[in-house]
file model.cif (mmCIF, C-alpha atoms)
data_upload
loop_
_atom_site.label_atom_id
_atom_site.label_comp_id
_atom_site.auth_asym_id
_atom_site.auth_seq_id
_atom_site.Cartn_x
_atom_site.Cartn_y
_atom_site.Cartn_z
CA MET L 1 6.78 -15.22 -1.58
CA SER L 2 4.38 -17.93 -0.52
CA THR L 3 3.88 -20.83 -2.92
CA PRO L 4 0.72 -22.91 -3.00
CA VAL L 5 0.75 -26.27 -1.32
CA THR L 6 0.22 -29.19 -3.68
CA GLY L 7 -2.91 -31.25 -3.13
CA LEU L 8 -5.36 -28.39 -2.71
CA ALA L 9 -7.60 -26.71 -5.24
CA GLN L 10 -5.97 -23.72 -6.90
CA ILE L 11 -7.14 -20.74 -8.90
CA GLY L 12 -4.25 -19.18 -10.77
CA LYS L 13 -3.61 -15.47 -11.09
CA SER L 14 -4.93 -15.22 -14.63
CA VAL L 15 -8.31 -16.76 -13.77
CA VAL L 16 -11.40 -14.57 -13.33
CA ILE L 17 -14.54 -16.00 -11.74
CA LYS L 18 -17.87 -14.28 -11.18
CA GLY L 19 -20.46 -16.14 -9.18
CA GLU L 20 -20.88 -18.47 -6.23
CA LEU L 21 -17.88 -20.56 -5.37
CA SER L 22 -18.34 -23.48 -3.01
CA GLY L 23 -16.41 -26.63 -2.17
CA SER L 24 -15.42 -29.23 0.37
CA GLU L 25 -11.66 -28.90 0.11
CA ASP L 26 -9.06 -26.26 0.85
CA LEU L 27 -8.68 -23.58 -1.80
CA TYR L 28 -5.72 -21.43 -2.82
CA LEU L 29 -6.95 -18.44 -4.77
CA ASP L 30 -4.54 -16.19 -6.62
CA GLY L 31 -6.90 -14.86 -9.29
CA HIS L 32 -9.98 -12.61 -9.39
CA VAL L 33 -13.21 -13.77 -7.80
CA GLU L 34 -16.41 -11.81 -7.51
CA GLY L 35 -19.49 -13.15 -5.75
CA SER L 36 -19.43 -15.45 -2.75
CA ILE L 37 -17.13 -18.17 -1.45
CA ALA L 38 -18.41 -20.96 0.78
CA LEU L 39 -15.89 -23.51 2.07
CA LYS L 40 -17.43 -24.57 5.35
CA GLY L 41 -15.04 -26.86 7.19
CA ASN L 42 -12.17 -25.96 4.87
CA SER L 43 -9.64 -23.20 4.43
CA LEU L 44 -9.29 -20.39 1.94
CA THR L 45 -5.97 -18.76 1.14
CA VAL L 46 -5.97 -15.57 -0.91
CA GLY L 47 -2.56 -15.41 -2.54
CA PRO L 48 -0.53 -12.26 -3.04
CA ASN L 49 -2.03 -11.70 -6.49
CA GLY L 50 -5.53 -12.59 -5.43
CA GLU L 51 -8.30 -10.02 -5.70
CA VAL L 52 -11.55 -11.09 -4.11
CA LYS L 53 -14.81 -9.17 -4.02
CA ALA L 54 -16.93 -11.66 -2.21
CA SER L 55 -18.33 -12.72 1.11
CA VAL L 56 -16.33 -15.60 2.53
CA ASP L 57 -17.55 -18.42 4.74
CA ALA L 58 -14.84 -20.91 5.66
CA LYS L 59 -13.17 -22.66 8.55
CA GLY L 60 -9.92 -20.75 8.18
CA VAL L 61 -8.94 -17.80 6.00
CA VAL L 62 -5.47 -16.57 5.14
CA VAL L 63 -5.19 -13.32 3.20
CA GLN L 64 -2.07 -12.19 1.42
CA GLY L 65 -3.76 -10.18 -1.33
CA LYS L 66 -6.91 -8.07 -1.58
CA LEU L 67 -10.27 -9.03 -0.18
CA GLU L 68 -13.37 -6.87 -0.23
CA GLY L 69 -16.20 -8.54 1.61
CA ASN L 70 -17.15 -9.96 4.98
CA ILE L 71 -15.27 -12.95 6.36
CA GLN L 72 -17.02 -15.51 8.49
CA ALA L 73 -14.52 -18.07 9.83
CA SER L 74 -15.41 -20.87 12.21
CA ASP L 75 -11.78 -21.07 13.28
CA ARG L 76 -9.03 -18.62 12.40
CA VAL L 77 -8.30 -15.65 10.18
CA ASP L 78 -4.76 -14.65 9.27
CA LEU L 79 -3.98 -11.32 7.62
CA ARG L 80 -0.45 -11.31 6.30
CA LYS L 81 1.56 -8.14 5.90
CA SER L 82 0.53 -7.65 2.27
CA ALA L 83 -3.17 -8.10 3.00
CA VAL L 84 -5.66 -5.39 2.12
CA VAL L 85 -9.04 -6.25 3.61
CA THR L 86 -12.20 -4.19 3.49
CA GLY L 87 -15.03 -5.84 5.34
CA ASP L 88 -16.05 -7.27 8.68
CA ILE L 89 -14.30 -10.27 10.19
CA SER L 90 -15.91 -12.78 12.50
CA ALA L 91 -13.71 -15.60 13.78
CA GLN L 92 -12.63 -17.53 16.84
CA ARG L 93 -9.09 -16.31 16.48
CA ILE L 94 -7.32 -13.70 14.43
CA SER L 95 -3.74 -12.93 13.59
CA ILE L 96 -2.73 -9.72 11.88
CA GLU L 97 0.80 -9.09 10.71
CA GLU L 98 2.37 -5.65 10.89
CA GLY L 99 1.69 -3.92 7.58
CA ALA L 100 -1.69 -5.48 6.92
CA PHE L 101 -4.51 -3.06 6.11
CA LEU L 102 -7.98 -3.58 7.49
CA LYS L 103 -11.05 -1.40 7.13
CA GLY L 104 -13.85 -3.06 9.03
CA LYS L 105 -14.94 -4.75 12.21
CA VAL L 106 -13.24 -7.55 14.10
CA ASP L 107 -15.54 -9.68 16.18
CA ILE L 108 -14.11 -12.66 18.04
CA HIS L 109 -16.55 -15.35 18.95
CA ARG L 110 -15.50 -18.29 21.07
CA ALA L 111 -16.52 -21.88 20.51
CA ASP L 112 -18.68 -21.81 23.61
CA GLY L 113 -20.75 -19.07 22.05
CA LYS L 114 -19.45 -16.24 24.23
CA MET J 1 10.02 27.45 33.17
CA SER J 2 8.27 30.55 34.51
CA SER J 3 6.04 30.49 37.60
CA VAL J 4 3.06 31.50 35.41
CA SER J 5 3.60 28.47 33.19
CA GLN J 6 4.01 26.26 36.22
CA ASN J 7 0.73 27.49 37.70
CA PHE J 8 -0.96 27.07 34.32
CA MET J 9 0.21 23.50 34.06
CA LYS J 10 -1.09 22.77 37.55
CA LEU J 11 -4.58 23.25 36.13
CA PHE J 12 -4.10 20.19 34.01
CA ARG J 13 -3.48 16.65 34.98
CA GLY J 14 -0.89 14.66 33.13
CA SER J 15 2.57 13.42 33.60
CA SER J 16 2.75 11.85 30.18
CA GLY J 17 5.91 11.85 28.20
CA PRO J 18 7.92 9.68 25.85
CA GLU J 19 10.60 7.21 26.77
CA THR J 20 12.71 5.62 24.09
CA VAL J 21 12.33 1.90 23.69
CA ALA J 22 15.44 0.17 22.44
CA ALA J 23 14.07 -1.54 19.35
CA GLN J 24 16.42 -2.22 16.52
CA GLY J 25 15.27 -0.56 13.33
CA SER J 26 11.73 0.30 14.46
CA GLN J 27 12.25 3.53 16.45
CA LYS J 28 9.28 3.05 18.74
CA LEU J 29 8.63 5.34 21.65
CA THR J 30 6.50 4.64 24.64
CA ARG J 31 4.51 7.36 26.33
CA ARG J 32 2.23 7.49 29.29
CA SER J 33 -1.18 8.82 28.42
CA SER J 34 -3.48 10.26 31.05
CA GLY J 35 -6.32 10.46 28.55
CA LEU J 36 -5.94 6.79 27.71
CA GLY J 37 -5.74 5.93 31.38
CA GLU J 38 -9.07 7.60 32.04
CA LEU J 39 -10.61 6.03 28.96
CA SER J 40 -9.32 2.57 29.90
CA ARG J 41 -11.60 2.51 32.91
CA THR J 42 -14.52 2.53 30.46
CA TRP J 43 -13.58 -0.60 28.59
CA GLU J 44 -12.18 -2.38 31.63
CA SER J 45 -15.49 -2.03 33.43
CA GLY J 46 -17.72 -2.56 30.42
CA GLU J 47 -18.58 -5.62 28.35
CA ASN J 48 -18.90 -6.08 24.63
CA LEU J 49 -18.17 -2.45 23.91
CA CYS J 50 -17.99 -1.08 20.40
CA ILE J 51 -14.69 0.68 19.71
CA LEU J 52 -13.69 2.67 16.63
CA ASP J 53 -9.96 3.07 15.99
CA LEU J 54 -9.27 5.74 13.38
CA GLY J 55 -5.51 5.22 13.23
CA SER J 56 -3.45 2.95 11.01
CA THR J 57 -4.38 -0.71 11.30
CA SER J 58 -2.87 -1.80 14.58
CA PRO J 59 -2.66 -5.52 15.33
CA THR J 60 -1.80 -4.56 18.88
CA ASN J 61 -4.96 -2.54 19.37
CA ILE J 62 -7.14 -5.16 17.72
CA ARG J 63 -5.71 -7.84 19.96
CA HIS J 64 -6.06 -5.61 23.03
CA PHE J 65 -9.77 -5.06 22.54
CA THR J 66 -10.79 -8.47 21.19
CA GLU J 67 -9.01 -10.26 24.03
CA ASN J 68 -11.11 -8.23 26.43
CA GLY J 69 -14.33 -9.19 24.72
CA HIS J 70 -14.97 -6.00 22.80
CA ARG J 71 -15.66 -5.38 19.15
CA ILE J 72 -13.27 -3.13 17.34
CA TYR J 73 -13.65 -1.33 14.05
CA SER J 74 -10.52 -0.20 12.28
CA GLU J 75 -10.63 2.64 9.75
CA ASP J 76 -7.51 4.52 8.69
CA LEU J 77 -8.95 7.92 7.78
CA LEU J 78 -5.61 9.60 7.12
CA THR J 79 -4.77 7.07 4.43
CA ALA J 80 -8.31 7.35 3.08
CA SER J 81 -7.87 11.11 2.75
CA THR J 82 -5.06 10.57 0.22
CA ASP J 83 -7.53 9.20 -2.35
CA PRO J 84 -6.82 11.27 -5.48
CA GLU J 85 -10.52 11.19 -6.42
CA LEU J 86 -11.23 13.48 -3.48
CA VAL J 87 -9.31 16.37 -4.95
CA THR J 88 -11.59 19.12 -6.18
CA LYS J 89 -11.87 22.92 -6.38
CA ASP J 90 -13.85 24.94 -3.87
CA GLU J 91 -15.98 27.97 -4.70
CA PHE J 92 -12.90 30.17 -4.76
CA GLY J 93 -11.01 27.93 -7.15
CA THR J 94 -8.71 26.70 -4.44
CA THR J 95 -7.77 23.02 -4.44
CA ALA J 96 -9.51 21.20 -1.63
CA LEU J 97 -10.83 17.77 -0.75
CA ASP J 98 -14.45 16.83 -1.36
CA SER J 99 -15.80 16.26 2.14
CA ARG J 100 -19.15 15.00 0.88
CA LYS J 101 -17.52 12.26 -1.16
CA PHE J 102 -15.19 11.48 1.71
CA LEU J 103 -18.09 10.95 4.09
CA ALA J 104 -19.98 9.00 1.43
CA ASP J 105 -17.10 6.52 1.33
CA ASN J 106 -15.93 6.53 4.95
CA LEU J 107 -17.30 6.48 8.48
CA ILE J 108 -20.48 4.79 7.34
CA TYR J 109 -22.03 3.45 10.50
CA PRO J 110 -25.41 3.47 12.19
CA ALA J 111 -26.16 6.43 14.43
CA ALA J 112 -25.18 6.07 18.08
CA HIS J 113 -23.14 2.95 17.38
CA PHE J 114 -19.86 3.38 19.24
CA ASP J 115 -18.97 3.51 22.91
CA VAL J 116 -15.45 4.78 22.26
CA VAL J 117 -13.73 6.52 19.36
CA LEU J 118 -9.94 6.71 19.22
CA CYS J 119 -9.04 9.68 17.05
CA TRP J 120 -5.38 9.80 18.06
CA ASN J 121 -3.72 12.68 16.15
CA LEU J 122 -6.17 12.69 13.25
CA PRO J 123 -7.37 16.33 13.47
CA ASP J 124 -3.79 17.63 13.41
CA TYR J 125 -2.88 15.86 10.17
CA LEU J 126 -6.18 15.68 8.31
CA ASP J 127 -6.85 18.09 5.49
CA GLU J 128 -8.58 21.28 6.65
CA SER J 129 -11.65 20.66 4.50
CA LEU J 130 -12.32 17.33 6.22
CA VAL J 131 -11.80 18.08 9.90
CA LYS J 132 -15.14 19.59 10.87
CA PRO J 133 -17.25 17.25 8.70
CA VAL J 134 -15.45 14.26 10.20
CA VAL J 135 -15.97 15.47 13.76
CA GLY J 136 -19.63 16.05 12.97
CA ARG J 137 -19.97 12.51 11.68
CA LEU J 138 -18.16 11.13 14.73
CA TRP J 139 -20.63 12.91 16.99
CA SER J 140 -23.51 11.17 15.25
CA VAL J 141 -22.00 7.68 15.39
CA LEU J 142 -21.07 7.95 19.06
CA LYS J 143 -23.60 6.77 21.60
CA PRO J 144 -24.86 9.36 24.08
CA GLY J 145 -22.27 9.23 26.83
CA GLY J 146 -19.74 7.76 24.44
CA MET J 147 -16.19 9.05 24.64
CA LEU J 148 -13.68 10.26 22.08
CA LEU J 149 -9.94 10.63 22.62
CA ALA J 150 -7.86 12.93 20.45
CA PHE J 151 -4.31 14.26 20.57
CA PHE J 152 -3.32 17.76 19.53
CA HIS J 153 0.15 19.19 19.15
CA THR J 154 0.94 22.39 20.98
CA ARG J 155 2.76 25.25 19.25
CA ASP J 156 6.01 24.17 20.89
CA ALA J 157 5.90 20.88 19.01
CA GLY J 158 7.00 22.57 15.80
CA PRO J 159 5.69 22.34 12.23
CA ASP J 160 7.73 19.26 11.35
CA SER J 161 6.30 17.06 14.07
CA PRO J 162 6.22 13.54 12.66
CA CYS J 163 2.92 11.75 12.39
CA HIS J 164 2.77 8.70 14.62
CA ARG J 165 0.51 5.73 14.94
CA TYR J 166 -0.42 4.63 18.41
CA HIS J 167 -0.52 1.15 19.86
CA ILE J 168 -2.09 0.45 23.24
CA VAL J 169 0.38 -1.55 25.32
CA GLY J 170 -1.00 -0.87 28.79
CA ALA J 171 -3.87 0.72 30.66
CA ASP J 172 -2.24 4.13 30.30
CA THR J 173 0.69 3.37 28.04
CA LEU J 174 1.03 3.84 24.31
CA GLU J 175 3.70 2.83 21.86
CA MET J 176 4.29 5.46 19.19
CA GLN J 177 5.57 4.55 15.77
CA LYS J 178 6.32 7.02 13.01
CA ILE J 179 4.01 6.54 10.04
CA VAL J 180 5.56 5.82 6.67
CA LEU J 181 3.15 6.00 3.76
CA ARG J 182 3.05 2.53 2.22
CA ARG J 183 1.41 3.33 -1.09
CA GLU J 184 1.91 5.79 -3.88
CA ALA J 185 -0.36 8.77 -3.33
CA PRO J 186 -0.45 11.86 -5.54
CA ARG J 187 -0.03 15.17 -3.78
CA THR J 188 -3.28 16.17 -2.12
CA ALA J 189 -4.53 19.68 -1.39
CA SER J 190 -2.85 19.50 2.01
CA GLY J 191 0.49 18.41 0.63
CA ASN J 192 0.36 14.88 1.96
CA ASN J 193 2.08 12.59 -0.48
CA SER J 194 4.32 9.63 -0.66
CA ALA J 195 7.35 11.71 -1.60
CA SER J 196 7.54 13.02 1.93
CA ASP J 197 6.99 9.47 3.26
CA SER J 198 4.67 10.69 5.98
CA PHE J 199 1.83 13.03 6.77
CA GLN J 200 2.45 16.71 7.46
CA LEU J 201 1.13 18.64 10.44
CA GLN J 202 -1.66 20.78 9.01
CA ARG J 203 -2.30 23.22 11.85
CA VAL J 204 -1.88 23.85 15.56
CA PHE J 205 -5.12 24.05 17.51
CA ASN J 206 -5.30 26.26 20.56
CA ASN J 207 -7.70 25.46 23.39
CA ARG J 208 -10.41 27.68 21.98
CA HIS J 209 -10.16 26.02 18.57
CA ILE J 210 -10.48 22.62 20.19
CA GLU J 211 -13.47 23.69 22.25
CA ASN J 212 -15.09 25.06 19.12
CA LEU J 213 -14.35 21.90 17.19
CA PHE J 214 -16.12 19.79 19.81
CA ARG J 215 -18.82 22.31 20.73
CA ASP J 216 -21.60 19.80 20.06
CA PHE J 217 -20.24 17.43 22.68
CA ALA J 218 -21.45 17.46 26.27
CA SER J 219 -18.10 17.82 28.02
CA ILE J 220 -14.42 18.21 27.28
CA LYS J 221 -11.37 17.48 29.39
CA PHE J 222 -7.78 18.46 28.66
CA PHE J 223 -4.60 16.67 29.66
CA LEU J 224 -1.35 18.48 28.94
CA ALA J 225 1.73 16.29 28.48
CA ARG J 226 5.42 17.09 28.62
CA ASP J 227 5.98 16.03 25.02
CA ASN J 228 3.99 18.99 23.62
CA ILE J 229 0.86 16.91 23.12
CA ARG J 230 -2.49 18.07 24.42
CA GLU J 231 -4.78 15.11 25.05
CA VAL J 232 -8.49 15.75 24.83
CA LEU J 233 -11.26 13.52 26.07
CA VAL J 234 -14.77 14.47 25.01
CA VAL J 235 -18.11 12.97 25.88
CA ARG J 236 -21.11 13.04 23.64
#
call {"tool": "encode", "arguments": {"input": "model.cif", "output": "structure tokens"}}
result
Amino acid sequence: MSTPVTGLAQIGKSVVIKGELSGSEDLYLDGHVEGSIALKGNSLTVGPNGEVKASVDAKGVVVQGKLEGNIQASDRVDLRKSAVVTGDISAQRISIEEGAFLKGKVDIHRADGK
Amino acid sequence: MSSVSQNFMKLFRGSSGPETVAAQGSQKLTRRSSGLGELSRTWESGENLCILDLGSTSPTNIRHFTENGHRIYSEDLLTASTDPELVTKDEFGTTALDSRKFLADNLIYPAAHFDVVLCWNLPDYLDESLVKPVVGRLWSVLKPGGMLLAFFHTRDAGPDSPCHRYHIVGADTLEMQKIVLRREAPRTASGNNSASDSFQLQRVFNNRHIENLFRDFASIKFFLARDNIREVLVVR
């Protein structure tokens, strides 16, 4: 079981948030979030207990829990084996572990715009 | 094998068959696929194609298509068909799945959106009430000239044929992996449930059934393989 790294913003598993979430630091999210998440230039990690119903815009996204919404990543998206993702993914790179569930599109865009 | 069977098989292309890959604990098989080989020419010669993979989420397939500059959509329809909210009664009181609700929740795409649809063995394992509606929807979301690949078991395969997921590992090579249901799913009308740990073969299509199923498509091509799989490539 993955434990959050100290020094980054954390939302614990008992926390429920509805609305627009934005920030300029990395975020570890293990609670419930509904709305939108904007962390341009930073990373979002959805922990194993995390349940997100939101569009995500971040530099990097790691999903271990549930995410329903589109993911726009300027760098990399990682779906771990416990991930359940429903939505479209746009990123420069993507890694999907065996066991992850995805319902949606994967679109890889390179830094040079191709 | 009789001479009649030999002559019959000469009508079909295909030298596909499984070879066991020594993989500890994963029991993966590789098989050559003539249908995939023909389909591969489409995405190898095309750019930025739109592919729909209707099997279990396959990191291998996603990597295969994205590394070649294509967009891939992944939608596991077999797992989606185990949604308990789909269970209903038809006009005769028989338990069935609600195809209208199924199509309201799945395969929601613009018309003429996809260049290629990978059905794999979906029609063989999908509940009877969903097969024709799903094929009808796939026709509408395929571009004119778009291609669909599907696998059908022959009668010789037997009723207990395990349901596999397919990973593309070469231009005409697939890796087969037995599907194990990963979530609790109440018994559906078709008998698919987590207690059996996998999906059950629902029916065996003969050639006429397959032709009828895809009658709205422009052309159909059959590839008969040695492992009792009939590969079908249809063009919208």
call {"tool": "closest_atom_pairs", "arguments": {"input": "model.cif", "of": "chain J", "to": "chain L", "cutoff": "9 Å", "atoms": "all atoms listed in the file", "output": "JSON lines"}}
result
{"residue": "J:Leu52", "atom": "CA", "partner": "L:Lys105", "partner_atom": "CA", "distance": 8.7}
{"residue": "J:Ser56", "atom": "CA", "partner": "L:Phe101", "partner_atom": "CA", "distance": 7.8}
{"residue": "J:Thr57", "atom": "CA", "partner": "L:Phe101", "partner_atom": "CA", "distance": 5.7}
{"residue": "J:Ser58", "atom": "CA", "partner": "L:Glu98", "partner_atom": "CA", "distance": 7.5}
{"residue": "J:Pro59", "atom": "CA", "partner": "L:Ile96", "partner_atom": "CA", "distance": 5.4}
{"residue": "J:Thr60", "atom": "CA", "partner": "L:Ile96", "partner_atom": "CA", "distance": 8.7}
{"residue": "J:Ile62", "atom": "CA", "partner": "L:Val106", "partner_atom": "CA", "distance": 7.5}
{"residue": "J:Arg63", "atom": "CA", "partner": "L:Ile94", "partner_atom": "CA", "distance": 8.2}
{"residue": "J:Thr66", "atom": "CA", "partner": "L:Ile108", "partner_atom": "CA", "distance": 6.2}
{"residue": "J:Glu67", "atom": "CA", "partner": "L:Ile108", "partner_atom": "CA", "distance": 8.2}
{"residue": "J:Gly69", "atom": "CA", "partner": "L:Ile108", "partner_atom": "CA", "distance": 7.5}
{"residue": "J:His70", "atom": "CA", "partner": "L:Asp107", "partner_atom": "CA", "distance": 7.6}
{"residue": "J:Arg71", "atom": "CA", "partner": "L:Asp107", "partner_atom": "CA", "distance": 5.2}
{"residue": "J:Ile72", "atom": "CA", "partner": "L:Val106", "partner_atom": "CA", "distance": 5.5}
{"residue": "J:Tyr73", "atom": "CA", "partner": "L:Lys105", "partner_atom": "CA", "distance": 4.1}
{"residue": "J:Ser74", "atom": "CA", "partner": "L:Lys103", "partner_atom": "CA", "distance": 5.3}
{"residue": "J:Glu75", "atom": "CA", "partner": "L:Lys103", "partner_atom": "CA", "distance": 4.8}
{"residue": "J:Asp76", "atom": "CA", "partner": "L:Lys103", "partner_atom": "CA", "distance": 7.1}
{"residue": "J:Arg182", "atom": "CA", "partner": "L:Gly99", "partner_atom": "CA", "distance": 8.5}
call {"tool": "residues_around", "arguments": {"input": "model.cif", "residues": "stretch 6-16 of chain L", "least_positions_apart": "2", "cutoff": "8 Å", "atoms": "only C-alpha atoms", "output": "mmCIF file with C-alpha atoms, in the frame of the given file"}}
result
data_model
loop_
_atom_site.group_PDB
_atom_site.id
_atom_site.type_symbol
_atom_site.label_atom_id
_atom_site.label_comp_id
_atom_site.auth_asym_id
_atom_site.auth_seq_id
_atom_site.Cartn_x
_atom_site.Cartn_y
_atom_site.Cartn_z
ATOM 1 C CA PRO L 4 0.720 -22.910 -3.000
ATOM 2 C CA LYS L 18 -17.870 -14.280 -11.180
ATOM 3 C CA GLU L 25 -11.660 -28.900 0.110
ATOM 4 C CA ASP L 26 -9.060 -26.260 0.850
ATOM 5 C CA LEU L 27 -8.680 -23.580 -1.800
ATOM 6 C CA TYR L 28 -5.720 -21.430 -2.820
ATOM 7 C CA LEU L 29 -6.950 -18.440 -4.770
ATOM 8 C CA ASP L 30 -4.540 -16.190 -6.620
ATOM 9 C CA GLY L 31 -6.900 -14.860 -9.290
ATOM 10 C CA HIS L 32 -9.980 -12.610 -9.390
ATOM 11 C CA VAL L 33 -13.210 -13.770 -7.800
ATOM 12 C CA ASN L 49 -2.030 -11.700 -6.490
ATOM 13 C CA GLY L 50 -5.530 -12.590 -5.430
#
call {"tool": "atom_distance", "arguments": {"input": "model.cif", "atom1": "atom CA of J:Asn121", "atom2": "atom CA of L:Leu67"}}
result
27.9 Å
call {"tool": "resolve_selection", "arguments": {"input": "model.cif", "expression": "the PyMOL selection byres ((chain J and resi 151) around 10)", "output": "PyMOL selection string"}}
result
chain J and resi 35+118-124+149-150+152-154+222-224+229-233
call {"tool": "residues_around", "arguments": {"input": "model.cif", "residues": "J:Leu97", "least_positions_apart": "6", "cutoff": "6 Å", "atoms": "all atoms listed in the file", "output": "list of chain:residue names"}}
result
J:Leu86, J:Val87, J:Thr88
call {"tool": "resolve_selection", "arguments": {"input": "model.cif", "expression": "the PyMOL selection byres ((chain J and resi 217) around 7)", "output": "compact mmCIF listing (two decimals) with C-alpha atoms, in the coordinates of the input"}}
result
# COMPACT_ATOMS: atom_id res chain seq x y z
CA PHE J 214 -16.12 19.79 19.81
CA ARG J 215 -18.82 22.31 20.73
CA ASP J 216 -21.60 19.80 20.06
CA ALA J 218 -21.45 17.46 26.27
CA SER J 219 -18.10 17.82 28.02
CA VAL J 234 -14.77 14.47 25.01
CA VAL J 235 -18.11 12.97 25.88
CA ARG J 236 -21.11 13.04 23.64
call {"tool": "resolve_selection", "arguments": {"input": "model.cif", "expression": "the PyMOL selection byres ((chain L and resi 72) around 10)", "output": "VMD selection string"}}
result
chain L and resid 38 40 55 to 61 69 to 71 73 to 77 88 to 92 107
call {"tool": "atom_distance", "arguments": {"input": "model.cif", "atom1": "atom CA of J:Lys221", "atom2": "atom CA of J:Tyr125"}}
result
21.1 Å
call {"tool": "build_atoms", "arguments": {"input": "model.cif", "residues": "stretch 15-32 of chain L", "atoms": "N, CA and C atoms", "output": "JSON list (two decimals), in the coordinates of the input"}}
result
[["chain", "number", "residue", "atom", "x", "y", "z"],
["L", 15, "VAL", "N", -6.92, -16.29, -13.73],
["L", 15, "VAL", "CA", -8.31, -16.76, -13.77],
["L", 15, "VAL", "C", -9.24, -15.72, -13.16],
["L", 16, "VAL", "N", -10.37, -15.50, -13.83],
["L", 16, "VAL", "CA", -11.40, -14.57, -13.33],
["L", 16, "VAL", "C", -12.69, -15.35, -13.18],
["L", 17, "ILE", "N", -13.29, -15.28, -12.01],
["L", 17, "ILE", "CA", -14.54, -16.00, -11.74],
["L", 17, "ILE", "C", -15.57, -15.03, -11.17],
["L", 18, "LYS", "N", -16.77, -15.08, -11.74],
["L", 18, "LYS", "CA", -17.87, -14.28, -11.18],
["L", 18, "LYS", "C", -19.00, -15.23, -10.84],
["L", 19, "GLY", "N", -19.37, -15.26, -9.57],
["L", 19, "GLY", "CA", -20.46, -16.14, -9.18],
["L", 19, "GLY", "C", -20.25, -16.73, -7.81],
["L", 20, "GLU", "N", -20.97, -17.81, -7.52],
["L", 20, "GLU", "CA", -20.88, -18.47, -6.23],
["L", 20, "GLU", "C", -19.88, -19.61, -6.31],
["L", 21, "LEU", "N", -18.93, -19.55, -5.42],
["L", 21, "LEU", "CA", -17.88, -20.56, -5.37],
["L", 21, "LEU", "C", -18.07, -21.36, -4.10],
["L", 22, "SER", "N", -18.18, -22.67, -4.21],
["L", 22, "SER", "CA", -18.34, -23.48, -3.01],
["L", 22, "SER", "C", -17.54, -24.76, -3.18],
["L", 23, "GLY", "N", -17.19, -25.40, -2.08],
["L", 23, "GLY", "CA", -16.41, -26.63, -2.17],
["L", 23, "GLY", "C", -16.22, -27.28, -0.82],
["L", 24, "SER", "N", -15.66, -28.48, -0.86],
["L", 24, "SER", "CA", -15.42, -29.23, 0.37],
["L", 24, "SER", "C", -13.94, -29.61, 0.45],
["L", 25, "GLU", "N", -13.10, -28.71, -0.04],
["L", 25, "GLU", "CA", -11.66, -28.90, 0.11],
["L", 25, "GLU", "C", -11.02, -27.52, 0.26],
["L", 26, "ASP", "N", -9.76, -27.53, 0.68],
["L", 26, "ASP", "CA", -9.06, -26.26, 0.85],
["L", 26, "ASP", "C", -8.83, -25.62, -0.52],
["L", 27, "LEU", "N", -8.80, -24.31, -0.55],
["L", 27, "LEU", "CA", -8.68, -23.58, -1.80],
["L", 27, "LEU", "C", -7.59, -22.52, -1.70],
["L", 28, "TYR", "N", -6.72, -22.50, -2.70],
["L", 28, "TYR", "CA", -5.72, -21.43, -2.82],
["L", 28, "TYR", "C", -6.13, -20.58, -4.01],
["L", 29, "LEU", "N", -6.36, -19.32, -3.77],
["L", 29, "LEU", "CA", -6.95, -18.44, -4.77],
["L", 29, "LEU", "C", -5.99, -17.30, -5.07],
["L", 30, "ASP", "N", -5.48, -17.27, -6.28],
["L", 30, "ASP", "CA", -4.54, -16.19, -6.62],
["L", 30, "ASP", "C", -5.06, -15.36, -7.80],
["L", 31, "GLY", "N", -6.33, -15.60, -8.17],
["L", 31, "GLY", "CA", -6.90, -14.86, -9.29],
["L", 31, "GLY", "C", -7.94, -13.87, -8.82],
["L", 32, "HIS", "N", -8.92, -13.57, -9.71],
["L", 32, "HIS", "CA", -9.98, -12.61, -9.39],
["L", 32, "HIS", "C", -11.29, -13.36, -9.18]]
